[in-house]
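*Asks:* Let me give you the structure first, and then I'll get to my questions.
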Amino acid sequence: MSNDQQPIIILSGVELRAWLKSRRLQSPGAVVGFVPTMGFLHEGHASLLTAARQSCDIVVLSIFVNPLQFGPNEDFERYPRDEQRDLAIAAEYGADVVFMPQVEEMYPERTRTTVTVSGVTERLCGASRPGHFDGVATVVTKLFNLVQPDRAYFGLKDAQQVAVIEQMVRDLNVPVEIVPCATVREADGLAKSSRNVYLSAEEREQAVILNKALREAEQQLRTQRDAMSSQELAAQVTARIQEAPLARIDYVEALAYPSLEPISSFTEAEQALIAVAVKFGNTRLIDNCLIRFNG
């Protein structure tokens, strides 16, 4: 969609709360939709804004590269940033306000309180990136407290993150509806990601193997659900990805969703998640296939 109005840019939590309070007083009962991001927006983020704009009266976008969710050897400093492009996309897809705090605004002093979600964080990216989801859960809690949205929109490309946020919201009685949105892909199937810009031409060409392997596994699982184990399915996806010479696999797992528990039999699961994390050069990509067996 196109929006003629330029979004209001807000840098402080105090100002954001004041702006939202004023809007809520002007429009009692207005539904507030929230799209939290780390910026470098692409079509995936645009789809979240579109979903929020279609069902909410006020749309808040946040752009904040959160240091708490990066490990000591990860790419916080080189994480891509493009403020001008982000604001153009925010305007085009209907954000009313863009909250763009600095690190000093979100963490004015050493953080002594963190939010930890157990269980769903112990596999996949939680296992290979210790502390990552503590950082995610903590910053999302802070943002929810500032915005107090009715609905918050997250992309299913990071299905584990969605499961973590949903668990946190249930456990802490946070009054927000989490709205998961489908992964947006390039024409050749590669999942949209801010990190795709790091890929060389050869790495980019080979990275399409992730979606191909996942789609083939999904098709086989739907036709041979009774005959396949999760280990067999993961081995099949692993072998397919390894056909790309530059691929270095972090993990390939098939789990129940949203519990992210191991699956003893696919016939007993309502939903299964096949999730992968693979490095091409120095770029770590994640992708997944979420399969709903009933409906």
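Here, A, B, ... name the chains of the structure tokens in the order displayed, residue numbers run from 1 inside each chain, and ligands are numbered from 1 in the same displayed order.
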Skipping near chain neighbours, those fewer than 5 positions away, what residues fall within 10 Å of A:Cys125 using only C-alpha atoms, listed as an mmCIF file with C-alpha atoms, in the first residue's frame?

*Replies:*
data_model
loop_
_atom_site.group_PDB
_atom_site.id
_atom_site.type_symbol
_atom_site.label_atom_id
_atom_site.label_comp_id
_atom_site.auth_asym_id
_atom_site.auth_seq_id
_atom_site.Cartn_x
_atom_site.Cartn_y
_atom_site.Cartn_z
ATOM 1 C CA PRO A 130 23.821 -18.720 24.070
ATOM 2 C CA GLY A 131 22.018 -15.740 25.592
ATOM 3 C CA HIS A 132 20.481 -14.681 22.273
ATOM 4 C CA PHE A 133 16.872 -15.208 23.298
ATOM 5 C CA ASP A 158 12.429 -16.888 12.721
ATOM 6 C CA GLN A 160 11.686 -20.000 17.158
ATOM 7 C CA GLN A 161 11.570 -16.301 18.001
ATOM 8 C CA ASP A 250 25.002 -25.145 12.069
ATOM 9 C CA TYR A 251 21.874 -27.235 12.644
ATOM 10 C CA ALA A 275 14.456 -25.595 10.804
ATOM 11 C CA VAL A 276 17.950 -24.959 9.483
ATOM 12 C CA ALA A 277 20.831 -22.602 10.148
ATOM 13 C CA ILE A 286 18.192 -19.336 8.985
#

*Asks:* DSSP on the backbone: which residues in stretch 45-160 of chain A end up as alpha helix (DSSP H)? Give the answer as a VMD selection string.

*Replies:* chain A and resid 45 to 55 83 to 92 103 to 106 125 to 128 132 to 147 159 to 160

*Asks:* At a cut-off of 8 Å, can you tabulate as JSON lines every residue of stretch 72-135 of chain A near stretch 252-267 of chain A together with its closest atom pair and the distance in Å to one decimal, using only C-alpha atoms and ordering rows by chain then number?

*Replies:*
{"residue": "A:Gly119", "atom": "CA", "partner": "A:Ser259", "partner_atom": "CA", "distance": 7.7}
{"residue": "A:Val120", "atom": "CA", "partner": "A:Leu260", "partner_atom": "CA", "distance": 5.6}
{"residue": "A:Arg123", "atom": "CA", "partner": "A:Leu260", "partner_atom": "CA", "distance": 7.5}
{"residue": "A:Leu124", "atom": "CA", "partner": "A:Glu253", "partner_atom": "CA", "distance": 7.4}

*Asks:* What are the closest atom pairs, with distances in Å to one decimal, for each residue of stretch 109-200 of chain A lying within 12 Å of stretch 78-101 of chain A, using only C-alpha atoms, rows by chain and rising residue number, as a Markdown table?

*Replies:*
| residue | atom | partner | partner_atom | distance |
| --- | --- | --- | --- | --- |
| A:Val139 | CA | A:Pro101 | CA | 11.9 |
| A:Leu143 | CA | A:Phe99 | CA | 9.7 |
| A:Leu146 | CA | A:Phe99 | CA | 10.2 |
| A:Val147 | CA | A:Phe99 | CA | 9.5 |
| A:Ser193 | CA | A:Pro80 | CA | 10.7 |
| A:Ser194 | CA | A:Pro80 | CA | 7.0 |
| A:Arg195 | CA | A:Pro80 | CA | 7.4 |
| A:Asn196 | CA | A:Pro80 | CA | 9.9 |
| A:Val197 | CA | A:Pro80 | CA | 8.2 |
| A:Tyr198 | CA | A:Pro80 | CA | 8.9 |

*Asks:* Those selected residues, please, written with N, CA and C atoms and delivered as a short mmCIF file (atom, residue, chain, number, x, y, z; two decimals), in the first residue's frame.

*Replies:*
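Okay, part_39.cif is ready:
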data_model
loop_
_atom_site.label_atom_id
_atom_site.label_comp_id
_atom_site.auth_asym_id
_atom_site.auth_seq_id
_atom_site.Cartn_x
_atom_site.Cartn_y
_atom_site.Cartn_z
N VAL A 139 14.43 -7.18 25.32
CA VAL A 139 14.14 -5.96 24.55
C VAL A 139 12.67 -5.93 24.11
N LEU A 143 10.01 -3.00 24.90
CA LEU A 143 9.25 -2.34 23.84
C LEU A 143 7.74 -2.49 24.06
N LEU A 146 6.69 0.00 26.59
CA LEU A 146 6.66 1.37 26.08
C LEU A 146 5.45 1.61 25.16
N VAL A 147 5.20 0.67 24.26
CA VAL A 147 4.16 0.86 23.25
C VAL A 147 2.78 0.44 23.77
N SER A 193 16.12 -11.49 4.06
CA SER A 193 16.86 -11.28 5.30
C SER A 193 17.76 -10.07 5.14
N SER A 194 17.90 -9.31 6.21
CA SER A 194 18.81 -8.16 6.19
C SER A 194 20.25 -8.62 5.96
N ARG A 195 20.57 -9.86 6.34
CA ARG A 195 21.93 -10.36 6.19
C ARG A 195 22.24 -10.84 4.78
N ASN A 196 21.26 -10.92 3.90
CA ASN A 196 21.53 -11.40 2.54
C ASN A 196 22.53 -10.50 1.81
N VAL A 197 22.61 -9.23 2.22
CA VAL A 197 23.54 -8.31 1.54
C VAL A 197 25.00 -8.71 1.76
N TYR A 198 25.26 -9.53 2.78
CA TYR A 198 26.63 -9.97 3.04
C TYR A 198 27.10 -11.03 2.04
#

*Asks:* Any chance you could list, as an mmCIF file with C-alpha atoms, in the first residue's frame, the residues in stretch 54-274 of chain A that come up strand (DSSP E or B) when DSSP is run on the backbone?

*Replies:*
data_model
loop_
_atom_site.group_PDB
_atom_site.id
_atom_site.type_symbol
_atom_site.label_atom_id
_atom_site.label_comp_id
_atom_site.auth_asym_id
_atom_site.auth_seq_id
_atom_site.Cartn_x
_atom_site.Cartn_y
_atom_site.Cartn_z
ATOM 1 C CA ILE A 58 -2.406 3.144 14.844
ATOM 2 C CA VAL A 59 0.771 1.485 13.557
ATOM 3 C CA VAL A 60 4.043 1.798 15.470
ATOM 4 C CA LEU A 61 7.315 0.642 13.918
ATOM 5 C CA SER A 62 10.464 0.361 16.022
ATOM 6 C CA ILE A 63 13.978 0.280 14.614
ATOM 7 C CA VAL A 97 5.240 6.583 14.092
ATOM 8 C CA VAL A 98 8.796 5.230 13.951
ATOM 9 C CA PHE A 99 10.507 4.731 17.291
ATOM 10 C CA ARG A 151 -1.256 -6.577 18.448
ATOM 11 C CA ALA A 152 2.382 -7.221 17.590
ATOM 12 C CA TYR A 153 3.560 -8.621 14.261
ATOM 13 C CA PHE A 154 6.476 -11.035 13.819
ATOM 14 C CA GLY A 155 7.749 -12.901 10.772
ATOM 15 C CA GLU A 177 -1.986 -10.536 20.613
ATOM 16 C CA ILE A 178 1.012 -11.964 18.757
ATOM 17 C CA VAL A 179 0.355 -12.126 15.001
ATOM 18 C CA PRO A 180 2.759 -14.452 13.141
ATOM 19 C CA CYS A 181 3.182 -13.605 9.445
ATOM 20 C CA ARG A 185 10.927 -14.874 -0.236
ATOM 21 C CA ALA A 191 14.078 -16.052 2.463
ATOM 22 C CA ALA A 247 27.334 -24.486 2.879
ATOM 23 C CA ARG A 248 28.489 -25.051 6.474
ATOM 24 C CA ILE A 249 25.615 -26.409 8.538
ATOM 25 C CA ASP A 250 25.002 -25.145 12.069
ATOM 26 C CA TYR A 251 21.874 -27.235 12.644
ATOM 27 C CA VAL A 252 19.104 -29.122 10.871
ATOM 28 C CA GLU A 253 16.244 -30.249 13.100
ATOM 29 C CA ALA A 254 12.644 -31.425 12.854
ATOM 30 C CA LEU A 255 10.651 -30.585 15.986
ATOM 31 C CA ALA A 256 7.098 -30.230 17.251
ATOM 32 C CA PRO A 262 11.646 -33.646 19.752
ATOM 33 C CA GLN A 271 2.460 -29.048 13.633
ATOM 34 C CA ALA A 272 6.068 -29.766 12.764
ATOM 35 C CA LEU A 273 8.918 -27.331 12.196
ATOM 36 C CA ILE A 274 11.846 -28.223 9.982
#

*Asks:* Which residues, written as a count of residues only, have at least one atom at most 8 Å from A:Val117, with only C-alpha atoms counted and residues fewer than 2 positions away on the same chain left out?

*Replies:* 10

*Asks:* At a cut-off of 8 Å, using only C-alpha atoms, what residues contact A:Phe280? Leave out same-chain residues fewer than 3 positions from it and give the result as a PyMOL selection string.

*Replies:* chain A and resi 199+203+207+246-248+283-285

*Asks:* Report the distance between atom CA of A:Leu48 and atom CA of A:Asn282 in Å, rounded to one decimal place.

*Replies:* 27.7 Å
